[in-house]
Structures are given as structure tokens and as C-alpha cells.
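Read through the structure below, which is laid out as C-alpha cells, and then see the notes.
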Amino acid sequence: MPLPEPGPGEVLVRNRHFGVVSGLRTLLGGRETTSSFPSIRPGDPLFGAAVGEVVAAPDGGRFRPGDAVVHPFGWREYAAVAETHCVPVHPRLPDAAAHLAPSSPAYGALTRLAAVREGDTVLVTGATGGVGSLAGQVARLLGAGRVLGTTRSAHKAVRLTRELGYDAVLVPGEAPLSEQLAEAAPDGLDVVLDLVGGEQLRAAVDAAAPGARIALVGSLAGQLDPRHDGSASPAEIDTFRMITLGVTMSGYRYPDHLDVEAEWTDRFAQWLSTGRINFPQVRVPGIEGAPRALKEMMAGRHLGTVIVDLTG
Ligand SMILES: NC(=O)c1ccc[n+]([C@@H]2O[C@H](COP(=O)([O-])OP(=O)(O)OC[C@H]3O[C@@H](n4cnc5c(N)ncnc54)[C@H](OP(=O)(O)O)[C@@H]3O)[C@@H](O)[C@H]2O)c1
């Protein structure tokens, strides 16, 4: 295709890296109406967070050629982007691609909705994805005493405990989740960061401690179920138990917490540069590898953030 022509107030960015996220499945399903993102129709380009270098910029604008920026138009090698959609790369991030870690919602939920306290027992469902692979480490850095996660893969469960500091990892299918939770958290869960919904959310409610805070951030069970279009994630939960134990449950919506992104990026940069957090990621070379990366991610083949690398 010809290079896009930047219009007034736009810069031309050569993308270096972009992220591949499961939320695309919902947008591709075309049935979701409550998200802040538009559905993707046949013929539309996919999109998602990207980091790149400005190669052309209007005189007197905010950016100059050579500037490194973050913007929402991944899935292409060059993008004409409104300056208002570009943010300069954080100067203290050891690697600009760390902007593609989709974990600011986990940080926002653990600090705003579920407010982790010193010594809390925290469960992260969907712990191997881009969000979950950082969420457990963030919970620990915020003071959690015991951090538990879930994955459907025994192999990835081992990596979560060895590489990412999870104290115990539950694998649905190996034994009833209720039994695994009773063993891993005998005093119950204080905080749940739920990225999955469905049966995993049901089991988490059943294991909640008095006063537990449940933050709903993702719905992978509904989103990636090949039998459905990804627009709904029904779950049956014991509301009686929630009432009698005073359990709260709230959904995390990015637009309600616009202050979180900058705070998260500052802290992530500090944690990365001092070696206190591990950023698990899978790099896929070349734009031609991106469709395969999306399919593999949805099939659960990867651990961490999936990043397409256009630098080769
Ligand atoms: N609220 C917000 O602002 C916000 C922002 C960002 C993301 N999110 C949401 O947060 C969730 C996690 O995002 P992410 O980027 O971490 O996802 P991700 O990286 O795409 O997660 C992929 C993982 O999902 C798991 N998975 C796949 N199918 C599943 C199923 N049917 N049931 C349960 N798990 C399944 C697999 O893990 P295993 O094979 O290890 O089980 C797979 O490795 C998504 O629902 C996303 O849309 C919300």
C-alpha cells in the first residue's frame, strides 16, 4: 500500500513494535455494544497499542522527526496519527516496548477497586496473559502476603511459580477448583483480580474471606470461547455468600481511571529499572507473523505480552 499521508495536526509514525491483545476477539465478534472501542468489520485494519518513531511532523507541532511515541494504531508498519493520540515514550522505561504491557488496568484495579493491603491473600485468574503475568508481581509489590494464580496449563503453572513469584497456581481440570483453593488459601481470599469469569469466578466467590474485594477486569472465559462471539461472559455466583460476608465486586473501566496510566508507567519504569519486576513477553518477528500471533495467543500458546517486532 502507499504510505499514509499525514493530514493537518497528524504525524507519520514508523511503527517499531505493536501489541496483540485478546480484546480484539470481542471487537471482531461485532456484537459488543458497551465497550469504548468500535467493532471491527471486514476490511477494517486491526488496531492496538504501538510504539514507533516519528518520521514526518508538521512545523510547530508537538513532535519532531526522530521522537519515540506510543499511540493506538498498531497492526501496520506506518501510521498517520493525530498528535493528540501520541504520547512520548517514557524516558525511564528500559525498553520502549514495555509500553505495550497491558497491565495498567491490573495496577488500577489493585490500587483503586480492590486496594491491596499488607499481608492480603490475592488470587489472579488468567495469570499467564499479558495482564495476569504482571498482576501477581504487582500485587506482591503492593504488599500482598500470598499470591495465587490460575492457568489451564500445567506447564505454564510451573513457570508462574518459578519465574513470576506466584506462591501457588491452580489448574482447573486437575482437581475441583474449590478443593485447590481450600488448600492454597485456607483462610480465604482477601482480593480477587478476575480476568476470566465463568467457573473461575464462581470458585473465587466460594473461597472469599469476610470483606473480600473482587475486581472484575477481564472475561477471558466468555471472550475466547470458540462457541460464542466473545460479547458476553455469563457466570453463576453465590450472591447469598457475598451478602453475608460483605464481599464487594466491581468492574474496572479504563475511562473511569484516566489518572492510572501515567502513575502505572512511572512505577513500572521504576520497578523494571531496579529489577523488582519481570516483564514476560513473546516477540514475534515481522508483520506477516501477526495473524499467527493472535491465533496462538487466543489458543493459550503463550505466556506474557505478545509483541510483534517490526525492527528486523
Ligand atoms: N478492563 C480493562 O480496562 C481491561 C484492559 C485490558 C485487558 N482487559 C481484559 O483482561 C483480560 C486479560 O487480558 P490479557 O491481555 O492478559 O489476555 P491475554 O494475554 O490474551 O490472555 C491469554 C490467556 O487467556 C487464557 N485463556 C484463553 N482462553 C481461555 C478460556 N476459554 N478460559 C480461560 N482462560 C483462557 C490463556 O491462558 P491459559 O492457557 O494459561 O489458561 C491465554 O494464555 C481480557 O479479558 C482483556 O480483554 C481489560
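Chain labels follow the order of the C-alpha cells: the first chain is A, the next B, and so on; residue numbering restarts at 1 in every chain, and ligands are counted from 1 in their shown order.
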Pull the closest atom pair for each residue of range 6-117 of chain A that gets at most 8 Å from range 122-135 of chain A, along with the distance in Å to one decimal, counting only C-alpha atoms, ordering rows by chain and then ascending residue number, as CSV.
```
residue,atom,partner,partner_atom,distance
A:Val21,CA,A:Gly130,CA,7.9
A:Ala101,CA,A:Gly130,CA,6.4
A:Pro102,CA,A:Val131,CA,5.5
A:Ser103,CA,A:Val131,CA,4.6
A:Pro105,CA,A:Val131,CA,7.9
A:Ala106,CA,A:Ala135,CA,5.7
A:Tyr107,CA,A:Ala135,CA,7.0
```
Requested write-out: N, CA and C atoms of the selected residues, as a PDB file, in the first residue's frame:
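Final output, saved to selection_34.pdb:
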```pdb
ATOM      1  N   VAL A  21      -3.639  -8.264  21.529  1.00  0.00           N
ATOM      2  CA  VAL A  21      -4.426  -8.486  22.755  1.00  0.00           C
ATOM      3  C   VAL A  21      -5.724  -9.230  22.452  1.00  0.00           C
ATOM      4  N   ALA A 101       2.898  -3.478  27.543  1.00  0.00           N
ATOM      5  CA  ALA A 101       2.361  -4.328  28.617  1.00  0.00           C
ATOM      6  C   ALA A 101       0.955  -3.811  28.945  1.00  0.00           C
ATOM      7  N   PRO A 102      -0.069  -4.667  28.841  1.00  0.00           N
ATOM      8  CA  PRO A 102      -1.435  -4.150  29.000  1.00  0.00           C
ATOM      9  C   PRO A 102      -1.879  -4.119  30.463  1.00  0.00           C
ATOM     10  N   SER A 103      -0.954  -3.832  31.381  1.00  0.00           N
ATOM     11  CA  SER A 103      -1.261  -4.090  32.789  1.00  0.00           C
ATOM     12  C   SER A 103      -1.667  -2.891  33.610  1.00  0.00           C
ATOM     13  N   PRO A 105      -4.593  -1.655  33.785  1.00  0.00           N
ATOM     14  CA  PRO A 105      -5.855  -1.973  34.466  1.00  0.00           C
ATOM     15  C   PRO A 105      -5.669  -2.843  35.712  1.00  0.00           C
ATOM     16  N   ALA A 106      -4.664  -3.742  35.671  1.00  0.00           N
ATOM     17  CA  ALA A 106      -4.410  -4.565  36.861  1.00  0.00           C
ATOM     18  C   ALA A 106      -3.926  -3.676  37.994  1.00  0.00           C
ATOM     19  N   TYR A 107      -2.997  -2.768  37.661  1.00  0.00           N
ATOM     20  CA  TYR A 107      -2.485  -1.847  38.692  1.00  0.00           C
ATOM     21  C   TYR A 107      -3.619  -0.962  39.209  1.00  0.00           C
TER      22      TYR A 107
END
```
What's the 12 Å shell around range 162-164 of chain A, counting only C-alpha atoms, without same-chain residues fewer than 2 positions away, as a VMD selection string? chain A and resid 127 to 128 132 to 140 147 to 149 155 to 160 166 to 169 276 to 280 303 to 304
Compute the set of protein, DNA and RNA residues whose minimum atom distance to ligand 1 is at most 6 Å, using only C-alpha atoms and all ligand atoms, and state it as a ChimeraX atom specification. /A:21-23,102,105,126,128-132,151-153,195-196,217-221,224-225,252-254,297-303,305
Serialized selection, N, CA and C atoms, as a compact mmCIF listing (two decimals), in the first residue's frame:
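Result file is selection22.txt:
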```
# COMPACT_ATOMS: atom_id res chain seq x y z
N VAL A 21 -3.64 -8.26 21.53
CA VAL A 21 -4.43 -8.49 22.75
C VAL A 21 -5.72 -9.23 22.45
N SER A 22 -6.21 -9.95 23.47
CA SER A 22 -7.40 -10.78 23.30
C SER A 22 -8.68 -9.96 23.13
N GLY A 23 -8.65 -8.69 23.56
CA GLY A 23 -9.82 -7.83 23.39
C GLY A 23 -10.25 -7.73 21.93
N PRO A 102 -0.07 -4.67 28.84
CA PRO A 102 -1.44 -4.15 29.00
C PRO A 102 -1.88 -4.12 30.46
N PRO A 105 -4.59 -1.66 33.78
CA PRO A 105 -5.85 -1.97 34.47
C PRO A 105 -5.67 -2.84 35.71
N GLY A 126 -6.48 -16.17 35.28
CA GLY A 126 -5.89 -15.84 33.97
C GLY A 126 -4.50 -15.27 34.13
N THR A 128 -1.54 -16.08 33.24
CA THR A 128 -0.45 -16.19 32.26
C THR A 128 -0.54 -15.17 31.13
N GLY A 129 -1.64 -14.42 31.03
CA GLY A 129 -1.81 -13.48 29.92
C GLY A 129 -0.96 -12.22 30.11
N GLY A 130 -1.10 -11.30 29.19
CA GLY A 130 -0.34 -10.05 29.28
C GLY A 130 -0.64 -9.32 30.58
N VAL A 131 -1.90 -9.29 30.98
CA VAL A 131 -2.27 -8.59 32.22
C VAL A 131 -1.85 -9.43 33.43
N GLY A 132 -2.25 -10.71 33.43
CA GLY A 132 -2.04 -11.55 34.62
C GLY A 132 -0.58 -11.82 34.94
N THR A 151 -4.17 -20.98 35.73
CA THR A 151 -3.91 -21.20 34.30
C THR A 151 -4.48 -22.57 33.97
N ARG A 152 -4.82 -22.78 32.69
CA ARG A 152 -5.32 -24.10 32.29
C ARG A 152 -4.18 -25.03 31.90
N SER A 153 -2.94 -24.53 32.01
CA SER A 153 -1.79 -25.29 31.53
C SER A 153 -0.85 -25.65 32.68
N LEU A 195 -9.73 -12.05 35.70
CA LEU A 195 -9.54 -11.80 34.27
C LEU A 195 -10.29 -12.83 33.44
N VAL A 196 -10.97 -13.77 34.09
CA VAL A 196 -11.55 -14.91 33.37
C VAL A 196 -13.07 -14.98 33.46
N VAL A 217 -11.79 -7.42 35.88
CA VAL A 217 -11.02 -6.67 34.87
C VAL A 217 -11.16 -7.29 33.49
N GLY A 218 -11.26 -8.61 33.43
CA GLY A 218 -11.37 -9.28 32.13
C GLY A 218 -12.37 -10.41 32.17
N SER A 219 -12.67 -10.96 31.01
CA SER A 219 -13.69 -12.01 30.91
C SER A 219 -13.25 -13.02 29.86
N LEU A 220 -12.02 -13.54 30.03
CA LEU A 220 -11.44 -14.42 29.02
C LEU A 220 -12.31 -15.64 28.72
N ALA A 221 -13.01 -16.16 29.73
CA ALA A 221 -13.81 -17.38 29.50
C ALA A 221 -14.88 -17.12 28.45
N LEU A 224 -12.96 -15.66 24.80
CA LEU A 224 -12.19 -16.56 23.92
C LEU A 224 -12.87 -17.91 23.73
N ASP A 225 -14.12 -18.03 24.15
CA ASP A 225 -14.84 -19.29 23.94
C ASP A 225 -15.17 -19.42 22.46
N TYR A 252 -13.79 -2.90 36.34
CA TYR A 252 -12.80 -1.85 36.05
C TYR A 252 -12.95 -1.37 34.63
N ARG A 253 -13.24 -0.09 34.50
CA ARG A 253 -13.39 0.53 33.18
C ARG A 253 -12.31 1.58 33.03
N TYR A 254 -11.48 1.41 32.00
CA TYR A 254 -10.35 2.31 31.79
C TYR A 254 -10.75 3.80 31.84
N MET A 297 -2.14 -16.73 20.57
CA MET A 297 -2.45 -16.13 21.87
C MET A 297 -3.84 -16.58 22.34
N MET A 298 -4.80 -16.57 21.41
CA MET A 298 -6.15 -16.96 21.79
C MET A 298 -6.22 -18.45 22.13
N ALA A 299 -5.31 -19.24 21.55
CA ALA A 299 -5.29 -20.68 21.85
C ALA A 299 -4.51 -20.97 23.14
N GLY A 300 -3.97 -19.94 23.78
CA GLY A 300 -3.27 -20.16 25.05
C GLY A 300 -1.85 -20.66 24.88
N ARG A 301 -1.22 -20.41 23.73
CA ARG A 301 0.13 -20.95 23.49
C ARG A 301 1.21 -20.14 24.19
N HIS A 302 0.93 -18.88 24.59
CA HIS A 302 2.00 -18.01 25.06
C HIS A 302 1.86 -17.66 26.53
N LEU A 303 2.95 -17.13 27.08
CA LEU A 303 2.92 -16.60 28.44
C LEU A 303 3.45 -15.16 28.38
N THR A 305 3.01 -10.82 27.54
CA THR A 305 2.53 -9.93 26.49
C THR A 305 3.06 -10.39 25.13
```
Nearest-residue call for Pro42 in chain A, choices A:Gly246, A:Gly30, A:Pro58, A:Pro291, using only C-alpha atoms: A:Gly30
Nearest to Ala232 in chain A, chosen from A:Thr26, A:Gln180, A:Ser250, A:Thr161, with only C-alpha atoms counted in the distances: A:Thr26
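With only C-alpha atoms as the atoms that count, the minimum distance from Leu294 in chain A to the choices A:Leu93, A:Leu272, A:Ala115, A:Leu24 is reached by A:Leu24.
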Which of range 33-110 of chain A DSSP labels strand (DSSP E or B), written as a ChimeraX atom specification: /A:48,50-56,68-71,73,78-82,87-88
With N, CA and C atoms retained, write the just-selected residues as a JSON list (two decimals), in the first residue's frame.
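The resulting result-v5.json:
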```json
[["chain", "number", "residue", "atom", "x", "y", "z"],
["A", 48, "GLY", "N", -4.38, -1.40, 17.94],
["A", 48, "GLY", "CA", -3.90, -1.72, 19.28],
["A", 48, "GLY", "C", -2.64, -0.94, 19.54],
["A", 50, "ALA", "N", 0.88, 0.69, 19.99],
["A", 50, "ALA", "CA", 2.11, 0.56, 19.21],
["A", 50, "ALA", "C", 3.13, 1.58, 19.71],
["A", 51, "VAL", "N", 4.40, 1.25, 19.54],
["A", 51, "VAL", "CA", 5.46, 2.24, 19.76],
["A", 51, "VAL", "C", 6.21, 2.40, 18.46],
["A", 52, "GLY", "N", 6.60, 3.62, 18.16],
["A", 52, "GLY", "CA", 7.28, 3.85, 16.90],
["A", 52, "GLY", "C", 8.03, 5.17, 16.92],
["A", 53, "GLU", "N", 8.55, 5.50, 15.72],
["A", 53, "GLU", "CA", 9.38, 6.70, 15.59],
["A", 53, "GLU", "C", 8.69, 7.66, 14.61],
["A", 54, "VAL", "N", 8.59, 8.92, 15.01],
["A", 54, "VAL", "CA", 8.01, 9.92, 14.12],
["A", 54, "VAL", "C", 8.97, 10.12, 12.94],
["A", 55, "VAL", "N", 8.43, 10.01, 11.71],
["A", 55, "VAL", "CA", 9.29, 10.24, 10.55],
["A", 55, "VAL", "C", 8.92, 11.53, 9.80],
["A", 56, "ALA", "N", 7.73, 12.05, 10.04],
["A", 56, "ALA", "CA", 7.36, 13.35, 9.45],
["A", 56, "ALA", "C", 6.39, 14.04, 10.41],
["A", 68, "ALA", "N", 10.32, 9.27, 19.77],
["A", 68, "ALA", "CA", 9.70, 7.96, 20.01],
["A", 68, "ALA", "C", 8.35, 8.19, 20.69],
["A", 69, "VAL", "N", 7.31, 7.57, 20.13],
["A", 69, "VAL", "CA", 5.95, 7.82, 20.66],
["A", 69, "VAL", "C", 5.18, 6.50, 20.82],
["A", 70, "VAL", "N", 4.16, 6.57, 21.66],
["A", 70, "VAL", "CA", 3.20, 5.48, 21.84],
["A", 70, "VAL", "C", 1.88, 5.97, 21.27],
["A", 71, "HIS", "N", 1.14, 5.08, 20.59],
["A", 71, "HIS", "CA", -0.14, 5.50, 20.01],
["A", 71, "HIS", "C", -1.02, 4.26, 19.79],
["A", 73, "PHE", "N", -2.37, 2.83, 17.05],
["A", 73, "PHE", "CA", -2.56, 2.28, 15.70],
["A", 73, "PHE", "C", -1.48, 1.27, 15.32],
["A", 78, "TYR", "N", 3.38, 1.66, 9.02],
["A", 78, "TYR", "CA", 3.39, 3.13, 9.13],
["A", 78, "TYR", "C", 1.97, 3.58, 9.47],
["A", 79, "ALA", "N", 1.85, 4.61, 10.29],
["A", 79, "ALA", "CA", 0.52, 5.12, 10.63],
["A", 79, "ALA", "C", 0.54, 6.64, 10.63],
["A", 80, "ALA", "N", -0.50, 7.24, 10.04],
["A", 80, "ALA", "CA", -0.70, 8.70, 10.20],
["A", 80, "ALA", "C", -1.54, 8.87, 11.45],
["A", 81, "VAL", "N", -0.98, 9.56, 12.45],
["A", 81, "VAL", "CA", -1.62, 9.61, 13.76],
["A", 81, "VAL", "C", -1.79, 11.06, 14.19],
["A", 82, "ALA", "N", -2.99, 11.39, 14.69],
["A", 82, "ALA", "CA", -3.20, 12.74, 15.24],
["A", 82, "ALA", "C", -2.22, 12.94, 16.39],
["A", 87, "VAL", "N", 1.72, 9.86, 22.60],
["A", 87, "VAL", "CA", 2.32, 10.18, 23.90],
["A", 87, "VAL", "C", 3.81, 9.88, 23.78],
["A", 88, "PRO", "N", 4.68, 10.78, 24.28],
["A", 88, "PRO", "CA", 6.11, 10.47, 24.21],
["A", 88, "PRO", "C", 6.45, 9.21, 25.00]]
```
Can you pull out every residue within 6 Å of Leu189 in chain A, counting only C-alpha atoms, but drop anything in the same chain fewer than 2 positions away, and send it as a list in words? Thr121, Val191, Ala208 and Ala209 of chain A
Write out as a compact mmCIF listing (two decimals) with C-alpha atoms, in the first residue's frame which residues come within 9 Å of Ile237 in chain A when counting only C-alpha atoms, dropping same-chain ones fewer than 6 positions away.
```txt
# COMPACT_ATOMS: atom_id res chain seq x y z
CA GLY A 198 -17.17 -18.19 34.47
CA GLU A 199 -16.32 -21.16 36.67
CA LEU A 201 -15.11 -16.51 39.27
CA ARG A 202 -17.67 -18.81 40.84
CA ALA A 203 -14.92 -20.70 42.70
CA VAL A 205 -16.55 -16.18 45.33
CA ASP A 206 -16.94 -19.50 47.12
```
CA of Pro45 in chain A to CA of Arg283 in chain A measures 20.9 Å
Of the candidates A:Gly108, A:Gly145, A:Pro4, A:Pro91, which shows the shortest atom-to-atom distance to Asp67 in chain A, using only C-alpha atoms? A:Pro91
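Using only C-alpha atoms, the nearest neighbour of Arg117 in chain A within the list A:Asp190, A:Asp95, A:Glu236, A:Asp259 is A:Asp190.
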With only C-alpha atoms as the counted atoms, please give the residues lying no more than 7 Å from Arg31 in chain A, apart from itself and same-chain residues fewer than 2 positions off, as an NGL selection string. :A and (29 or 33 or 231)
